Amino acid sequence: PFDLFDPERRGRVRLYVRRVYITDEAKILPAWLRFVRGVIDSEDLPLNLSREMLQTNPVLEAIGKGVTSRILTELDKLAESDAERFEMVWAAFGPVIKEGLYEDAERRDALYKIARFRTTTSDGKWRSLADYVAAMRPNQTAIYYALGDDEKTILASPQLEGFARRGVEVLILADPVDAFWVNTALGFDGKPFQSVTKGAADLDTIPLAEGESA
């Protein structure tokens with residue numbers, strides 16, 4: 001949608017109560033799922049829902065949490081069963097989903113699991129954080145990342161040369177939202193996130209990649 005990146009964009013979830021249409025303006029899902037379209041039909045809500053009740057109703061809040069968790073579960077299943085289809089979803093909506101990494105602490109771990117990134121060694125393919133950690137070099141203790149306006153600019157940065165010589169993979173973070181979530185992230189799988197602009201000194205303990213000379 002043309003207004004996908006507008007945080008004020010209205011959701012597209014239609015609320016019904018016992019098959020009676022109520023509204024499509026209820027804030028059922030979090031803003032980072034504003035691209036989702038669907039229908040929710042509840043047996044537990046009153047038919048005479050007021051605007052105030054839509055904002056504070058605990059049943060509706062519970063429905064929203066349940067549906068959000070279900071969407072994340074289905075995305076995770078899709079990533080496992082059909083990586084190609086999932087990557088199409090991520091390419092389209094990943095920048096919005098990543099807003100949840102700093103807005104929704106409760107689901108941060110689930111979001112880390114489905115998040116995908118391009119890296120300096122992935123040759124344009126998507127990589128998960130689990131993939132990254134599994135490929136970490138001996139003595140590497142951090143998940144390194146590089147921020148920039150676009151992938152081409154980041155890859156041309158001279159700051160990546162030392163990491164390349166040691167075969168250290170670097171996350172390419174080129175979406176505007178990346179600067180927000182990565183600065184508040186505690187880490188993944190016990191490994192902290194660290195900018196390449198602050199990590200050069202840590203490379204001394206990591207051996208050079210095969211074919212590289214000191």
# chains A, B, ... in the order shown; residues from 1 in each chain; ligands from 1
>>> select_by_dssp(residues="chain A", states="helix (DSSP H, G or I)", output="PyMOL selection string")
chain A and resi 31-33+51-56+58-81+83-97+100-103+105-114+129-134+151-155+158-165+178-184+200-205
>>> residues_around(residues="range 60-74 of chain A", least_positions_apart="4", cutoff="7 Å", atoms="only C-alpha atoms", output="ChimeraX atom specification")
/A:28-29,78
>>> closest_residue(among="A:Val177, A:Ile143, A:Leu160, A:Ile206", to="Lys191 in chain A", atoms="only C-alpha atoms")
A:Ile143
>>> select_by_dssp(residues="chain A", states="strand (DSSP E)", output="VMD selection string")
chain A and resid 12 to 17 20 to 23 37 to 42 116 to 119 127 to 128 143 to 147 170 to 173 193 to 195
>>> write_last_selection(atoms="N, CA and C atoms", output="JSON list (two decimals), in the first residue's frame")
[["chain", "number", "residue", "atom", "x", "y", "z"],
["A", 12, "ARG", "N", -6.70, -2.84, 8.62],
["A", 12, "ARG", "CA", -7.69, -3.36, 7.67],
["A", 12, "ARG", "C", -8.36, -4.61, 8.23],
["A", 13, "VAL", "N", -8.58, -4.60, 9.55],
["A", 13, "VAL", "CA", -9.24, -5.73, 10.19],
["A", 13, "VAL", "C", -10.68, -5.34, 10.53],
["A", 14, "ARG", "N", -11.62, -6.11, 10.02],
["A", 14, "ARG", "CA", -13.05, -5.84, 10.23],
["A", 14, "ARG", "C", -13.53, -6.65, 11.43],
["A", 15, "LEU", "N", -14.20, -5.97, 12.36],
["A", 15, "LEU", "CA", -14.69, -6.61, 13.57],
["A", 15, "LEU", "C", -16.18, -6.91, 13.46],
["A", 16, "TYR", "N", -16.54, -8.16, 13.74],
["A", 16, "TYR", "CA", -17.93, -8.59, 13.79],
["A", 16, "TYR", "C", -18.21, -9.14, 15.19],
["A", 17, "VAL", "N", -19.45, -9.02, 15.63],
["A", 17, "VAL", "CA", -19.90, -9.67, 16.86],
["A", 17, "VAL", "C", -21.09, -10.55, 16.49],
["A", 20, "VAL", "N", -22.45, -9.96, 13.12],
["A", 20, "VAL", "CA", -22.96, -8.61, 12.85],
["A", 20, "VAL", "C", -21.76, -7.67, 12.74],
["A", 21, "TYR", "N", -21.67, -6.98, 11.61],
["A", 21, "TYR", "CA", -20.54, -6.07, 11.40],
["A", 21, "TYR", "C", -20.59, -4.91, 12.39],
["A", 22, "ILE", "N", -19.45, -4.63, 13.03],
["A", 22, "ILE", "CA", -19.36, -3.55, 14.01],
["A", 22, "ILE", "C", -18.55, -2.38, 13.47],
["A", 23, "THR", "N", -17.30, -2.64, 13.07],
["A", 23, "THR", "CA", -16.42, -1.56, 12.62],
["A", 23, "THR", "C", -15.16, -2.12, 11.98],
["A", 37, "ARG", "N", -4.73, -7.76, 6.67],
["A", 37, "ARG", "CA", -6.17, -7.64, 6.44],
["A", 37, "ARG", "C", -6.85, -8.89, 6.96],
["A", 38, "GLY", "N", -8.05, -8.73, 7.49],
["A", 38, "GLY", "CA", -8.74, -9.90, 7.99],
["A", 38, "GLY", "C", -10.08, -9.58, 8.60],
["A", 39, "VAL", "N", -10.72, -10.61, 9.11],
["A", 39, "VAL", "CA", -12.03, -10.49, 9.75],
["A", 39, "VAL", "C", -11.97, -11.22, 11.09],
["A", 40, "ILE", "N", -12.45, -10.56, 12.12],
["A", 40, "ILE", "CA", -12.56, -11.17, 13.44],
["A", 40, "ILE", "C", -14.03, -11.17, 13.83],
["A", 41, "ASP", "N", -14.55, -12.33, 14.17],
["A", 41, "ASP", "CA", -15.94, -12.47, 14.59],
["A", 41, "ASP", "C", -15.95, -13.02, 16.00],
["A", 42, "SER", "N", -16.44, -12.23, 16.96],
["A", 42, "SER", "CA", -16.39, -12.61, 18.37],
["A", 42, "SER", "C", -17.78, -12.96, 18.89],
["A", 116, "ARG", "N", 14.72, -11.26, 8.93],
["A", 116, "ARG", "CA", 15.70, -11.63, 7.91],
["A", 116, "ARG", "C", 16.52, -10.41, 7.52],
["A", 117, "PHE", "N", 17.78, -10.67, 7.18],
["A", 117, "PHE", "CA", 18.71, -9.58, 6.85],
["A", 117, "PHE", "C", 19.59, -9.97, 5.68],
["A", 118, "ARG", "N", 19.99, -8.96, 4.93],
["A", 118, "ARG", "CA", 21.06, -9.15, 3.97],
["A", 118, "ARG", "C", 22.36, -8.87, 4.71],
["A", 119, "THR", "N", 23.43, -9.56, 4.32],
["A", 119, "THR", "CA", 24.69, -9.39, 5.01],
["A", 119, "THR", "C", 25.82, -9.24, 3.99],
["A", 127, "ARG", "N", 19.21, -13.76, 5.37],
["A", 127, "ARG", "CA", 19.78, -14.58, 6.44],
["A", 127, "ARG", "C", 19.03, -14.30, 7.74],
["A", 128, "SER", "N", 18.84, -15.34, 8.52],
["A", 128, "SER", "CA", 18.24, -15.17, 9.84],
["A", 128, "SER", "C", 19.34, -14.90, 10.86],
["A", 143, "ILE", "N", 27.38, -9.65, 17.34],
["A", 143, "ILE", "CA", 26.72, -9.62, 16.02],
["A", 143, "ILE", "C", 26.98, -8.22, 15.46],
["A", 144, "TYR", "N", 27.76, -8.15, 14.41],
["A", 144, "TYR", "CA", 28.16, -6.84, 13.87],
["A", 144, "TYR", "C", 27.16, -6.37, 12.83],
["A", 145, "TYR", "N", 26.96, -5.06, 12.81],
["A", 145, "TYR", "CA", 26.05, -4.47, 11.83],
["A", 145, "TYR", "C", 26.61, -3.16, 11.32],
["A", 146, "ALA", "N", 26.12, -2.77, 10.13],
["A", 146, "ALA", "CA", 26.50, -1.49, 9.53],
["A", 146, "ALA", "C", 25.23, -0.78, 9.10],
["A", 147, "LEU", "N", 25.06, 0.46, 9.54],
["A", 147, "LEU", "CA", 23.91, 1.28, 9.18],
["A", 147, "LEU", "C", 24.26, 2.16, 7.99],
["A", 170, "VAL", "N", 28.67, -9.25, 8.40],
["A", 170, "VAL", "CA", 28.13, -8.00, 8.95],
["A", 170, "VAL", "C", 26.71, -7.81, 8.42],
["A", 171, "LEU", "N", 25.77, -7.54, 9.33],
["A", 171, "LEU", "CA", 24.39, -7.26, 8.92],
["A", 171, "LEU", "C", 24.33, -5.92, 8.19],
["A", 172, "ILE", "N", 23.63, -5.87, 7.07],
["A", 172, "ILE", "CA", 23.45, -4.63, 6.32],
["A", 172, "ILE", "C", 22.09, -4.05, 6.71],
["A", 173, "LEU", "N", 22.11, -2.94, 7.43],
["A", 173, "LEU", "CA", 20.88, -2.33, 7.93],
["A", 173, "LEU", "C", 20.64, -1.02, 7.19],
["A", 193, "PHE", "N", 24.50, -6.87, 19.88],
["A", 193, "PHE", "CA", 24.65, -6.21, 18.59],
["A", 193, "PHE", "C", 25.71, -5.12, 18.73],
["A", 194, "GLN", "N", 26.59, -5.03, 17.75],
["A", 194, "GLN", "CA", 27.66, -4.04, 17.83],
["A", 194, "GLN", "C", 27.92, -3.42, 16.47],
["A", 195, "SER", "N", 27.98, -2.11, 16.42],
["A", 195, "SER", "CA", 28.23, -1.39, 15.17],
["A", 195, "SER", "C", 29.67, -1.60, 14.71]]
>>> closest_residue(among="A:Gly167, A:Gly162, A:Gly100, A:Pro58", to="Arg137 in chain A", atoms="only C-alpha atoms")
A:Gly167
>>> residues_around(residues="Phe180 in chain A", least_positions_apart="6", cutoff="9 Å", atoms="only C-alpha atoms", output="ChimeraX atom specification")
/A:99,101-102
>>> write_last_selection(atoms="N, CA and C atoms", output="PDB file, in the first residue's frame")
ATOM      1  N   GLU A  99       9.480  -2.660  13.147  1.00  0.00           N
ATOM      2  CA  GLU A  99       9.081  -1.660  14.142  1.00  0.00           C
ATOM      3  C   GLU A  99       8.750  -2.332  15.470  1.00  0.00           C
ATOM      4  N   LEU A 101      10.345  -4.595  16.882  1.00  0.00           N
ATOM      5  CA  LEU A 101      11.545  -4.914  17.643  1.00  0.00           C
ATOM      6  C   LEU A 101      11.822  -3.888  18.735  1.00  0.00           C
ATOM      7  N   TYR A 102      11.330  -2.641  18.549  1.00  0.00           N
ATOM      8  CA  TYR A 102      11.516  -1.671  19.623  1.00  0.00           C
ATOM      9  C   TYR A 102      10.187  -1.221  20.242  1.00  0.00           C
TER      10      TYR A 102
END
>>> closest_residue(among="A:Ser157, A:Asn183, A:Thr121, A:Thr56", to="Ala135 in chain A", atoms="only C-alpha atoms")
A:Thr121
>>> closest_residue(among="A:Gly190, A:Pro46, A:Pro207, A:Pro95", to="Arg166 in chain A", atoms="only C-alpha atoms")
A:Pro207
>>> residues_around(residues="Ala115 in chain A", least_positions_apart="4", cutoff="10 Å", atoms="only C-alpha atoms", output="PyMOL selection string")
chain A and resi 76+79+87+90+94-95+97-98+101+109-111+126-130
